[in-house]
$ cat data28.cif   # mmCIF, C-alpha atoms
data_input
loop_
_atom_site.group_PDB
_atom_site.id
_atom_site.type_symbol
_atom_site.label_atom_id
_atom_site.label_comp_id
_atom_site.auth_asym_id
_atom_site.auth_seq_id
_atom_site.Cartn_x
_atom_site.Cartn_y
_atom_site.Cartn_z
ATOM 1 C CA MET R 1 0.000 0.000 0.000
ATOM 2 C CA GLU R 2 1.264 3.470 -0.834
ATOM 3 C CA ASN R 3 -0.349 5.146 2.165
ATOM 4 C CA THR R 4 0.915 2.998 4.967
ATOM 5 C CA TYR R 5 1.949 4.156 8.421
ATOM 6 C CA SER R 6 4.530 2.534 10.643
ATOM 7 C CA ALA R 7 3.293 -0.202 12.976
ATOM 8 C CA ALA R 8 2.922 2.235 15.838
ATOM 9 C CA LEU R 9 1.026 4.806 13.782
ATOM 10 C CA LEU R 10 -1.185 2.111 12.300
ATOM 11 C CA PHE R 11 -2.182 1.314 15.854
ATOM 12 C CA VAL R 12 -3.062 4.977 16.348
ATOM 13 C CA ALA R 13 -5.020 5.076 13.106
ATOM 14 C CA ALA R 14 -6.983 1.953 13.997
ATOM 15 C CA SER R 15 -7.935 3.366 17.374
ATOM 16 C CA LEU R 16 -9.120 6.609 15.781
ATOM 17 C CA PHE R 17 -11.213 4.949 13.095
ATOM 18 C CA THR R 18 -13.172 3.180 15.837
ATOM 19 C CA ALA R 19 -13.977 6.489 17.528
ATOM 20 C CA THR R 20 -16.939 8.578 16.395
ATOM 21 C CA ALA R 21 -17.456 12.312 16.689
ATOM 22 C CA ALA R 22 -19.973 11.676 19.455
ATOM 23 C CA HIS R 23 -17.276 9.965 21.483
ATOM 24 C CA ALA R 24 -14.394 12.335 20.709
ATOM 25 C CA ALA R 25 -13.464 12.539 24.393
ATOM 26 C CA GLU R 26 -12.529 8.852 24.242
ATOM 27 C CA THR R 27 -9.812 9.407 21.641
ATOM 28 C CA PRO R 28 -6.309 9.358 23.120
ATOM 29 C CA ASN R 29 -3.893 12.240 23.059
ATOM 30 C CA ILE R 30 -0.850 11.342 20.941
ATOM 31 C CA VAL R 31 2.774 12.369 21.425
ATOM 32 C CA VAL R 32 5.402 11.278 18.878
ATOM 33 C CA ILE R 33 9.008 12.017 19.921
ATOM 34 C CA LEU R 34 11.543 11.546 17.123
ATOM 35 C CA ALA R 35 15.217 11.595 18.129
ATOM 36 C CA ASP R 36 17.880 12.416 15.544
ATOM 37 C CA ASP R 37 20.908 10.129 14.985
ATOM 38 C CA MET R 38 20.368 7.900 18.016
ATOM 39 C CA GLY R 39 21.197 4.203 18.016
ATOM 40 C CA VAL R 40 19.208 1.330 19.483
ATOM 41 C CA GLY R 41 22.169 0.614 21.783
ATOM 42 C CA ASP R 42 22.264 4.179 23.103
ATOM 43 C CA VAL R 43 19.457 3.646 25.629
ATOM 44 C CA SER R 44 20.336 2.135 28.983
ATOM 45 C CA HIS R 45 17.672 -0.595 28.844
ATOM 46 C CA ASN R 46 19.545 -1.914 25.786
ATOM 47 C CA GLY R 47 22.917 -1.797 27.532
ATOM 48 C CA GLY R 48 23.913 1.817 26.869
ATOM 49 C CA LYS R 49 26.275 3.381 29.397
ATOM 50 C CA ALA R 50 24.480 6.732 29.611
ATOM 51 C CA ASP R 51 21.422 6.723 31.870
ATOM 52 C CA THR R 52 18.122 7.114 29.985
ATOM 53 C CA PRO R 53 15.532 6.497 32.732
ATOM 54 C CA ASN R 54 12.630 8.196 30.971
ATOM 55 C CA ILE R 55 12.978 6.261 27.717
ATOM 56 C CA ASP R 56 13.478 3.156 29.846
ATOM 57 C CA ARG R 57 10.185 3.984 31.574
ATOM 58 C CA LEU R 58 8.397 3.968 28.218
ATOM 59 C CA ALA R 59 9.888 0.558 27.443
ATOM 60 C CA ASP R 60 8.938 -0.768 30.872
ATOM 61 C CA GLU R 61 5.365 0.548 30.930
ATOM 62 C CA GLY R 62 4.549 0.159 27.239
ATOM 63 C CA MET R 63 5.444 -1.780 24.082
ATOM 64 C CA ARG R 64 8.761 -2.092 22.275
ATOM 65 C CA PHE R 65 8.886 -2.299 18.469
ATOM 66 C CA THR R 66 12.175 -4.033 17.689
ATOM 67 C CA ASP R 67 11.703 -5.360 14.149
ATOM 68 C CA ALA R 68 12.379 -2.335 11.950
ATOM 69 C CA HIS R 69 12.837 -1.917 8.187
ATOM 70 C CA THR R 70 13.662 1.175 6.146
ATOM 71 C CA SER R 71 14.301 2.250 2.581
ATOM 72 C CA SER R 72 16.256 5.384 3.582
ATOM 73 C CA SER R 73 17.540 5.826 7.096
ATOM 74 C CA VAL R 74 18.322 9.533 7.158
ATOM 75 C CA CYS R 75 16.580 12.692 8.352
ATOM 76 C CA THR R 76 14.311 14.071 5.632
ATOM 77 C CA PRO R 77 12.943 10.772 4.223
ATOM 78 C CA THR R 78 12.028 9.602 7.729
ATOM 79 C CA ARG R 79 10.025 12.745 8.391
ATOM 80 C CA TYR R 80 8.330 12.602 5.018
ATOM 81 C CA ALA R 81 7.243 8.997 5.505
ATOM 82 C CA LEU R 82 6.071 9.522 9.076
ATOM 83 C CA LEU R 83 3.899 12.539 8.278
ATOM 84 C CA THR R 84 2.522 11.469 4.885
ATOM 85 C CA GLY R 85 2.300 7.698 5.304
ATOM 86 C CA ARG R 86 4.011 7.320 1.909
ATOM 87 C CA TYR R 87 7.231 5.590 0.982
ATOM 88 C CA ASN R 88 9.943 8.238 0.984
ATOM 89 C CA TRP R 89 10.960 7.446 -2.596
ATOM 90 C CA ARG R 90 7.535 8.549 -3.830
ATOM 91 C CA SER R 91 8.570 12.117 -2.992
ATOM 92 C CA PRO R 92 10.625 14.296 -5.388
ATOM 93 C CA LEU R 93 13.659 13.588 -3.146
ATOM 94 C CA LYS R 94 14.897 10.130 -4.152
ATOM 95 C CA ASN R 95 17.924 10.080 -1.863
ATOM 96 C CA GLY R 96 19.762 12.267 0.640
ATOM 97 C CA VAL R 97 18.372 15.141 2.707
ATOM 98 C CA LEU R 98 17.263 18.730 2.285
ATOM 99 C CA VAL R 99 19.127 21.779 3.624
ATOM 100 C CA GLY R 100 17.890 24.755 5.614
ATOM 101 C CA GLN R 101 16.893 26.888 2.648
ATOM 102 C CA SER R 102 15.361 24.056 0.580
ATOM 103 C CA PRO R 103 11.838 24.434 -0.854
ATOM 104 C CA PRO R 104 9.009 22.333 0.637
ATOM 105 C CA LEU R 105 9.019 18.607 0.010
ATOM 106 C CA ILE R 106 5.375 18.383 1.151
ATOM 107 C CA ARG R 107 3.012 20.789 -0.545
ATOM 108 C CA ASN R 108 -0.558 21.907 0.083
ATOM 109 C CA GLY R 109 -3.049 19.255 -0.883
ATOM 110 C CA GLU R 110 -0.958 16.275 0.161
ATOM 111 C CA ALA R 111 -2.590 14.464 3.067
ATOM 112 C CA ILE R 112 -0.469 14.454 6.223
ATOM 113 C CA LEU R 113 -1.017 13.053 9.699
ATOM 114 C CA PRO R 114 -2.305 16.241 11.416
ATOM 115 C CA LYS R 115 -4.962 16.683 8.704
ATOM 116 C CA PHE R 116 -6.104 13.118 9.301
ATOM 117 C CA LEU R 117 -6.254 13.797 13.030
ATOM 118 C CA THR R 118 -8.070 17.116 12.587
ATOM 119 C CA ALA R 119 -10.948 15.143 11.083
ATOM 120 C CA ALA R 120 -11.158 13.293 14.405
ATOM 121 C CA GLY R 121 -11.256 16.575 16.356
ATOM 122 C CA TYR R 122 -7.580 16.913 17.253
ATOM 123 C CA GLN R 123 -5.497 20.031 17.854
ATOM 124 C CA SER R 124 -1.899 19.556 16.718
ATOM 125 C CA SER R 125 1.552 21.057 17.158
ATOM 126 C CA VAL R 126 5.066 20.368 15.925
ATOM 127 C CA VAL R 127 7.901 21.451 18.209
ATOM 128 C CA GLY R 128 11.502 20.914 17.114
ATOM 129 C CA LYS R 129 13.345 20.050 13.919
ATOM 130 C CA TRP R 130 11.279 20.307 10.716
ATOM 131 C CA HIS R 131 13.760 19.453 7.890
ATOM 132 C CA LEU R 132 11.089 19.075 5.223
ATOM 133 C CA GLY R 133 11.740 22.362 3.444
ATOM 134 C CA LEU R 134 9.904 25.666 3.688
ATOM 135 C CA GLY R 135 8.422 28.014 1.121
ATOM 136 C CA TRP R 136 10.726 30.872 2.024
ATOM 137 C CA GLN R 137 9.694 34.167 0.439
ATOM 138 C CA LYS R 138 12.679 35.863 -1.135
ATOM 139 C CA LEU R 139 13.909 39.435 -1.042
ATOM 140 C CA ALA R 140 13.584 41.475 -4.217
ATOM 141 C CA GLN R 141 17.359 41.928 -4.202
ATOM 142 C CA SER R 142 19.617 39.196 -2.814
ATOM 143 C CA ALA R 143 21.984 40.104 0.011
ATOM 144 C CA THR R 144 23.934 36.852 -0.162
ATOM 145 C CA ALA R 145 27.702 37.337 -0.292
ATOM 146 C CA SER R 146 30.798 35.179 -0.078
ATOM 147 C CA GLU R 147 32.368 37.347 2.617
ATOM 148 C CA GLY R 148 31.546 40.129 5.054
ATOM 149 C CA PRO R 149 28.535 40.483 7.400
ATOM 150 C CA THR R 150 26.212 38.606 5.031
ATOM 151 C CA LYS R 151 28.542 35.724 4.271
ATOM 152 C CA GLY R 152 27.031 32.301 3.540
ATOM 153 C CA VAL R 153 23.451 31.240 2.805
ATOM 154 C CA GLY R 154 20.073 32.552 3.839
ATOM 155 C CA TRP R 155 20.527 36.261 3.228
ATOM 156 C CA ASP R 156 18.190 36.244 0.233
ATOM 157 C CA ILE R 157 15.218 35.239 2.418
ATOM 158 C CA ASN R 158 12.551 37.703 3.540
ATOM 159 C CA TYR R 159 12.289 36.684 7.190
ATOM 160 C CA ALA R 160 9.577 39.272 7.840
ATOM 161 C CA ALA R 161 7.204 37.258 5.640
ATOM 162 C CA PRO R 162 5.734 33.901 6.693
ATOM 163 C CA ALA R 163 7.110 30.771 5.044
ATOM 164 C CA LYS R 164 4.663 29.012 2.741
ATOM 165 C CA ASP R 165 3.870 25.305 3.032
ATOM 166 C CA GLY R 166 5.206 25.208 6.578
ATOM 167 C CA PRO R 167 3.588 23.024 9.241
ATOM 168 C CA VAL R 168 0.621 25.361 9.838
ATOM 169 C CA GLY R 169 0.075 25.762 6.116
ATOM 170 C CA LEU R 170 0.074 21.975 5.766
ATOM 171 C CA GLY R 171 -2.398 21.236 8.552
ATOM 172 C CA PHE R 172 -0.839 21.646 12.001
ATOM 173 C CA THR R 173 -2.684 23.936 14.398
ATOM 174 C CA GLU R 174 0.568 25.566 15.527
ATOM 175 C CA ASP R 175 4.337 25.124 15.430
ATOM 176 C CA PHE R 176 7.644 26.117 17.005
ATOM 177 C CA LEU R 177 10.520 24.865 14.901
ATOM 178 C CA PHE R 178 14.090 24.969 13.702
ATOM 179 C CA PRO R 179 14.105 24.806 9.865
ATOM 180 C CA ALA R 180 16.390 21.797 9.329
ATOM 181 C CA SER R 181 19.193 19.972 11.136
ATOM 182 C CA LEU R 182 20.838 22.055 13.824
ATOM 183 C CA ASP R 183 24.070 22.171 11.816
ATOM 184 C CA MET R 184 22.403 23.844 8.812
ATOM 185 C CA ALA R 185 21.809 27.557 8.194
ATOM 186 C CA PRO R 186 19.689 29.592 8.621
ATOM 187 C CA TYR R 187 19.959 29.484 12.412
ATOM 188 C CA LEU R 188 16.663 30.700 13.850
ATOM 189 C CA TYR R 189 13.282 29.620 15.200
ATOM 190 C CA LEU R 190 9.901 29.929 13.511
ATOM 191 C CA ARG R 191 6.573 30.116 15.301
ATOM 192 C CA ASN R 192 3.478 29.419 13.242
ATOM 193 C CA ASP R 193 5.592 29.478 10.055
ATOM 194 C CA LYS R 194 7.060 32.930 10.754
ATOM 195 C CA ALA R 195 10.511 33.861 12.080
ATOM 196 C CA VAL R 196 10.494 34.571 15.811
ATOM 197 C CA GLU R 197 13.447 36.908 15.309
ATOM 198 C CA ILE R 198 15.098 38.294 12.174
ATOM 199 C CA PRO R 199 18.672 37.062 11.563
ATOM 200 C CA THR R 200 21.206 39.879 11.798
ATOM 201 C CA VAL R 201 24.552 38.066 12.075
ATOM 202 C CA THR R 202 26.534 35.395 10.276
ATOM 203 C CA ASN R 203 27.230 32.236 12.261
ATOM 204 C CA HIS R 204 27.629 28.477 11.979
ATOM 205 C CA PHE R 205 26.964 25.500 14.246
ATOM 206 C CA HIS R 206 29.014 23.287 11.916
ATOM 207 C CA PRO R 207 32.232 24.150 10.024
ATOM 208 C CA GLY R 208 31.506 24.961 6.413
ATOM 209 C CA ARG R 209 27.795 25.617 6.931
ATOM 210 C CA ILE R 210 27.866 29.327 7.532
ATOM 211 C CA GLY R 211 24.897 31.603 7.034
ATOM 212 C CA ALA R 212 22.205 33.867 8.426
ATOM 213 C CA ALA R 213 21.675 33.578 12.169
ATOM 214 C CA VAL R 214 19.899 35.158 15.090
ATOM 215 C CA LYS R 215 22.305 37.034 17.346
ATOM 216 C CA GLY R 216 23.167 35.096 20.494
ATOM 217 C CA MET R 217 21.542 31.818 19.461
ATOM 218 C CA LYS R 218 23.534 28.755 20.571
ATOM 219 C CA PRO R 219 22.942 25.078 19.787
ATOM 220 C CA GLU R 220 22.992 24.070 23.456
ATOM 221 C CA GLN R 221 19.832 26.084 24.166
ATOM 222 C CA CYS R 222 17.595 24.147 21.793
ATOM 223 C CA LEU R 223 16.597 21.113 23.887
ATOM 224 C CA GLY R 224 15.579 23.359 26.763
ATOM 225 C CA ASP R 225 13.540 25.525 24.413
ATOM 226 C CA PHE R 226 11.823 22.514 22.863
ATOM 227 C CA ALA R 227 11.023 21.031 26.289
ATOM 228 C CA ARG R 228 9.509 24.341 27.398
ATOM 229 C CA GLU R 229 7.374 24.688 24.286
ATOM 230 C CA ALA R 230 6.208 21.061 24.428
ATOM 231 C CA ARG R 231 5.149 21.386 28.064
ATOM 232 C CA ALA R 232 3.361 24.665 27.337
ATOM 233 C CA PHE R 233 1.373 23.076 24.498
ATOM 234 C CA ILE R 234 0.336 20.133 26.691
ATOM 235 C CA ALA R 235 -0.667 22.487 29.517
ATOM 236 C CA ARG R 236 -2.790 24.607 27.170
ATOM 237 C CA GLN R 237 -4.475 21.582 25.664
ATOM 238 C CA SER R 238 -5.291 20.172 29.095
ATOM 239 C CA GLU R 239 -7.808 23.020 29.427
ATOM 240 C CA SER R 240 -9.587 21.954 26.236
ATOM 241 C CA ASP R 241 -12.040 19.149 25.570
ATOM 242 C CA ALA R 242 -10.293 18.389 22.256
ATOM 243 C CA PRO R 243 -7.632 15.660 22.078
ATOM 244 C CA PHE R 244 -4.187 16.707 20.902
ATOM 245 C CA PHE R 245 -1.315 15.491 18.747
ATOM 246 C CA LEU R 246 2.199 16.663 19.633
ATOM 247 C CA TYR R 247 4.955 15.876 17.141
ATOM 248 C CA LEU R 248 8.311 16.491 18.849
ATOM 249 C CA PRO R 249 11.223 15.902 16.432
ATOM 250 C CA LEU R 250 14.384 16.667 18.406
ATOM 251 C CA THR R 251 17.667 18.039 17.068
ATOM 252 C CA SER R 252 19.618 15.623 19.265
ATOM 253 C CA PRO R 253 21.835 13.706 19.621
ATOM 254 C CA HIS R 254 22.679 14.752 16.038
ATOM 255 C CA THR R 255 25.628 17.080 15.463
ATOM 256 C CA PRO R 256 26.539 19.510 16.815
ATOM 257 C CA ILE R 257 26.953 17.337 19.913
ATOM 258 C CA SER R 258 26.314 20.170 22.331
ATOM 259 C CA PRO R 259 24.882 19.284 25.752
ATOM 260 C CA SER R 260 23.899 22.306 27.796
ATOM 261 C CA LYS R 261 26.057 23.353 30.730
ATOM 262 C CA SER R 262 23.861 21.607 33.290
ATOM 263 C CA TRP R 263 24.360 18.253 31.505
ATOM 264 C CA GLN R 264 28.059 18.469 30.722
ATOM 265 C CA GLY R 265 30.033 15.768 32.518
ATOM 266 C CA LYS R 266 26.924 13.875 33.668
ATOM 267 C CA SER R 267 27.709 10.640 31.852
ATOM 268 C CA SER R 268 30.740 8.357 32.051
ATOM 269 C CA ILE R 269 31.288 8.292 28.281
ATOM 270 C CA GLY R 270 31.890 11.929 27.377
ATOM 271 C CA PRO R 271 29.888 14.632 25.554
ATOM 272 C CA TYR R 272 27.855 12.204 23.448
ATOM 273 C CA GLY R 273 26.680 10.409 26.584
ATOM 274 C CA ASP R 274 25.853 13.754 28.183
ATOM 275 C CA PHE R 275 23.795 14.658 25.119
ATOM 276 C CA LEU R 276 21.964 11.324 25.275
ATOM 277 C CA MET R 277 21.069 12.022 28.883
ATOM 278 C CA GLU R 278 19.777 15.493 28.022
ATOM 279 C CA THR R 279 17.726 14.012 25.169
ATOM 280 C CA ASP R 280 16.210 11.593 27.663
ATOM 281 C CA TRP R 281 15.531 14.549 29.975
ATOM 282 C CA VAL R 282 13.291 16.102 27.295
ATOM 283 C CA VAL R 283 11.285 12.864 27.217
ATOM 284 C CA GLY R 284 11.017 13.127 30.988
ATOM 285 C CA GLU R 285 9.750 16.709 30.752
ATOM 286 C CA VAL R 286 6.951 15.580 28.441
ATOM 287 C CA LEU R 287 6.010 12.714 30.755
ATOM 288 C CA ALA R 288 6.129 15.037 33.778
ATOM 289 C CA GLU R 289 3.725 17.480 32.140
ATOM 290 C CA LEU R 290 1.335 14.684 31.179
ATOM 291 C CA ASP R 291 1.417 13.475 34.790
ATOM 292 C CA ALA R 292 0.959 17.009 36.145
ATOM 293 C CA GLN R 293 -2.085 17.600 33.951
ATOM 294 C CA GLY R 294 -3.660 14.231 34.746
ATOM 295 C CA LEU R 295 -3.289 13.048 31.133
ATOM 296 C CA ARG R 296 -1.140 9.971 31.650
ATOM 297 C CA GLU R 297 -3.935 7.401 31.265
ATOM 298 C CA ASN R 298 -5.307 8.884 28.046
ATOM 299 C CA THR R 299 -2.114 9.661 26.135
ATOM 300 C CA LEU R 300 -0.236 7.438 23.703
ATOM 301 C CA VAL R 301 3.485 8.296 23.737
ATOM 302 C CA ILE R 302 5.681 6.991 20.911
ATOM 303 C CA PHE R 303 9.473 7.389 21.011
ATOM 304 C CA THR R 304 11.507 6.550 17.925
ATOM 305 C CA THR R 305 14.550 7.695 15.973
ATOM 306 C CA ASP R 306 15.341 8.355 12.324
ATOM 307 C CA ASN R 307 18.592 6.374 12.125
ATOM 308 C CA GLY R 308 21.552 5.204 14.162
ATOM 309 C CA CYS R 309 24.325 7.038 15.918
ATOM 310 C CA SER R 310 26.510 9.369 13.841
ATOM 311 C CA PRO R 311 30.265 8.715 13.466
ATOM 312 C CA GLN R 312 30.701 12.178 14.980
ATOM 313 C CA ALA R 313 29.967 10.509 18.326
ATOM 314 C CA LYS R 314 33.401 8.810 17.963
ATOM 315 C CA PHE R 315 32.561 5.105 17.848
ATOM 316 C CA SER R 316 36.038 3.887 18.837
ATOM 317 C CA SER R 317 36.115 6.060 21.953
ATOM 318 C CA LEU R 318 32.622 4.961 22.986
ATOM 319 C CA LYS R 319 33.532 1.305 22.460
ATOM 320 C CA LYS R 320 36.597 1.635 24.695
ATOM 321 C CA LEU R 321 34.317 2.992 27.405
ATOM 322 C CA GLY R 322 32.017 -0.026 27.094
ATOM 323 C CA HIS R 323 29.194 1.698 25.216
#
$ encode --input "data28.cif" --output "structure tokens"
Amino acid sequence: MENTYSAALLFVAASLFTATAAHAAETPNIVVILADDMGVGDVSHNGGKADTPNIDRLADEGMRFTDAHTSSSVCTPTRYALLTGRYNWRSPLKNGVLVGQSPPLIRNGEAILPKFLTAAGYQSSVVGKWHLGLGWQKLAQSATASEGPTKGVGWDINYAAPAKDGPVGLGFTEDFLFPASLDMAPYLYLRNDKAVEIPTVTNHFHPGRIGAAVKGMKPEQCLGDFAREARAFIARQSESDAPFFLYLPLTSPHTPISPSKSWQGKSSIGPYGDFLMETDWVVGEVLAELDAQGLRENTLVIFTTDNGCSPQAKFSSLKKLGH
């Protein structure tokens, strides 16, 4: 079948098809957390040396899906398949990934998961890494340059105008997102498909990927920001009778491997282990908010990842440390 969801999302779909509008209150809230570049052996319940108690809690209290198959185990295809229910190779992108200034891979009219859920009465939000392209509106005259204050990519974008075919344009109720992988320019957040702040400086979170950036933005702030926004969405929705769908695609533990100060040195296996623990902390923040709002018993939480650990985590060093 062309429109086929993963096993976990098929379970969600089946549960929703059995619900009627008259019994909308019986539909479960849904949270899908998608880690980025995280291996099956990175979690402590699978023998990982960095503590991941919150992901372990999901495994202990729920179901584990351990028989996985993929036709393209990298960022963009994973997101396309998850949200559209289509094989990734049915998209215009046959291999590889998009970059921060790429045009939309999903366009208006293509059915995606939040549209399906809206028909069942859901409110929806995406918080985190989008990496499916955006319909950036361009400036009349490009400011892109090879050197100087506008060096790199992203200076030809009109950040004062909303991006077209972003999550809200495609069917989400709201969004708070980083455009692509955290090591790709432009470096900024969007809320409801519009830049939260206009880039004014040139920066990079990865050598060679320089471009437009918001002044003062640092990669180590992102997980905290995503956790805050996810909790706020859950808290707001707890005051509504409508069920909700939260899609939380994280930027971690993908490069740049940048745990925040409070997590540095927490693991026994170095920065990558620290970053794993902070990623797990975000999962814990979501679970804590569900518990605080009394939503634990009526919320389906799915944790997954787009592909395995990146070589940037330094495999040989991790192996020597028993990870």
$ resolve_selection --input "data28.cif" --expression "the PyMOL selection byres ((chain R and resi 183) around 10)" --output "JSON, numbers by chain"
{"R": [99, 100, 180, 181, 182, 184, 185, 186, 187, 204, 205, 206, 207, 208, 209, 210, 219, 251, 254, 255, 256, 257]}
$ resolve_selection --input "data28.cif" --expression "the PyMOL selection byres ((chain R and resi 194) around 7)" --output "MDAnalysis selection string"
chainID R and resid 161:163 190:193 195:196
$ atom_distance --input "data28.cif" --atom1 "CA of Pro103 (chain R)" --atom2 "CA of Gly135 (chain R)"
5.3 Å
$ closest_residue --input "data28.cif" --among "R:Gln237, R:Thr84, R:Gln221, R:Ser91" --to "Trp263 (chain R)" --atoms "all atoms listed in the file"
R:Gln221
$ residues_around --input "data28.cif" --residues "region 113-120 of chain R" --least-positions-apart "3" --cutoff "7 Å" --atoms "all atoms listed in the file" --output "mmCIF file with C-alpha atoms, in the frame of the given file"
data_model
loop_
_atom_site.group_PDB
_atom_site.id
_atom_site.type_symbol
_atom_site.label_atom_id
_atom_site.label_comp_id
_atom_site.auth_asym_id
_atom_site.auth_seq_id
_atom_site.Cartn_x
_atom_site.Cartn_y
_atom_site.Cartn_z
ATOM 1 C CA ALA R 21 -17.456 12.312 16.689
ATOM 2 C CA LEU R 83 3.899 12.539 8.278
ATOM 3 C CA THR R 84 2.522 11.469 4.885
ATOM 4 C CA GLN R 123 -5.497 20.031 17.854
ATOM 5 C CA SER R 124 -1.899 19.556 16.718
ATOM 6 C CA GLY R 171 -2.398 21.236 8.552
ATOM 7 C CA PHE R 172 -0.839 21.646 12.001
#
$ resolve_selection --input "data28.cif" --expression "the PyMOL selection byres ((chain R and resi 53) around 12)" --output "PyMOL selection string"
chain R and resi 42-46+48-52+54-61+276-285+287
$ residues_near_point --input "data28.cif" --point "(16.7, 15.3, 2.5)" --cutoff "8 Å" --atoms "all atoms listed in the file" --output "list in words"
Val74, Cys75, Thr76, Pro77, Leu93, Asn95, Gly96, Val97, Leu98, Val99, His131 and Leu132 of chain R
$ axis_aligned_box --input "data28.cif" --around "region 100-104 of chain R" --padding-each-side "8 Å" --output "JSON"
{"center_x": 13.4, "center_y": 24.6, "center_z": 2.4, "size_x": 24.9, "size_y": 20.6, "size_z": 22.5}
$ residues_around --input "data28.cif" --residues "Leu321 (chain R)" --least-positions-apart "4" --cutoff "9 Å" --atoms "all atoms listed in the file" --output "MDAnalysis selection string"
chainID R and resid 49 268:269 316:317
$ residues_around --input "data28.cif" --residues "Cys309 (chain R)" --least-positions-apart "4" --cutoff "9 Å" --atoms "only C-alpha atoms" --output "MDAnalysis selection string"
chainID R and resid 36:42 253:254 313 315
$ write_last_selection --input "data28.cif" --atoms "C-alpha atoms" --output "CSV table (one decimal), in the coordinates of the input"
chain,number,residue,atom,x,y,z
R,36,ASP,CA,17.9,12.4,15.5
R,37,ASP,CA,20.9,10.1,15.0
R,38,MET,CA,20.4,7.9,18.0
R,39,GLY,CA,21.2,4.2,18.0
R,40,VAL,CA,19.2,1.3,19.5
R,41,GLY,CA,22.2,0.6,21.8
R,42,ASP,CA,22.3,4.2,23.1
R,253,PRO,CA,21.8,13.7,19.6
R,254,HIS,CA,22.7,14.8,16.0
R,313,ALA,CA,30.0,10.5,18.3
R,315,PHE,CA,32.6,5.1,17.8
$ closest_atom_pairs --input "data28.cif" --of "region 219-266 of chain R" --to "region 293-299 of chain R" --cutoff "10 Å" --atoms "all atoms listed in the file" --output "JSON lines"
{"residue": "R:Ile234", "atom": "CA", "partner": "R:Gln293", "partner_atom": "CA", "distance": 8.1}
{"residue": "R:Ala235", "atom": "CA", "partner": "R:Gln293", "partner_atom": "CA", "distance": 6.7}
{"residue": "R:Arg236", "atom": "CA", "partner": "R:Gln293", "partner_atom": "CA", "distance": 9.8}
{"residue": "R:Gln237", "atom": "CA", "partner": "R:Gln293", "partner_atom": "CA", "distance": 9.5}
{"residue": "R:Ser238", "atom": "CA", "partner": "R:Gln293", "partner_atom": "CA", "distance": 6.4}
{"residue": "R:Glu239", "atom": "CA", "partner": "R:Gln293", "partner_atom": "CA", "distance": 9.1}
{"residue": "R:Pro243", "atom": "CA", "partner": "R:Thr299", "partner_atom": "CA", "distance": 9.1}
{"residue": "R:Phe244", "atom": "CA", "partner": "R:Thr299", "partner_atom": "CA", "distance": 9.0}
{"residue": "R:Phe245", "atom": "CA", "partner": "R:Thr299", "partner_atom": "CA", "distance": 9.4}
$ atom_distance --input "data28.cif" --atom1 "CA of Arg231 (chain R)" --atom2 "CA of Ala288 (chain R)"
8.6 Å
$ atom_distance --input "data28.cif" --atom1 "CA of Thr70 (chain R)" --atom2 "CA of Ser102 (chain R)"
23.6 Å
$ closest_residue --input "data28.cif" --among "R:Arg90, R:Ala212, R:Pro179, R:Thr66" --to "Asp156 (chain R)" --atoms "all atoms listed in the file"
R:Ala212
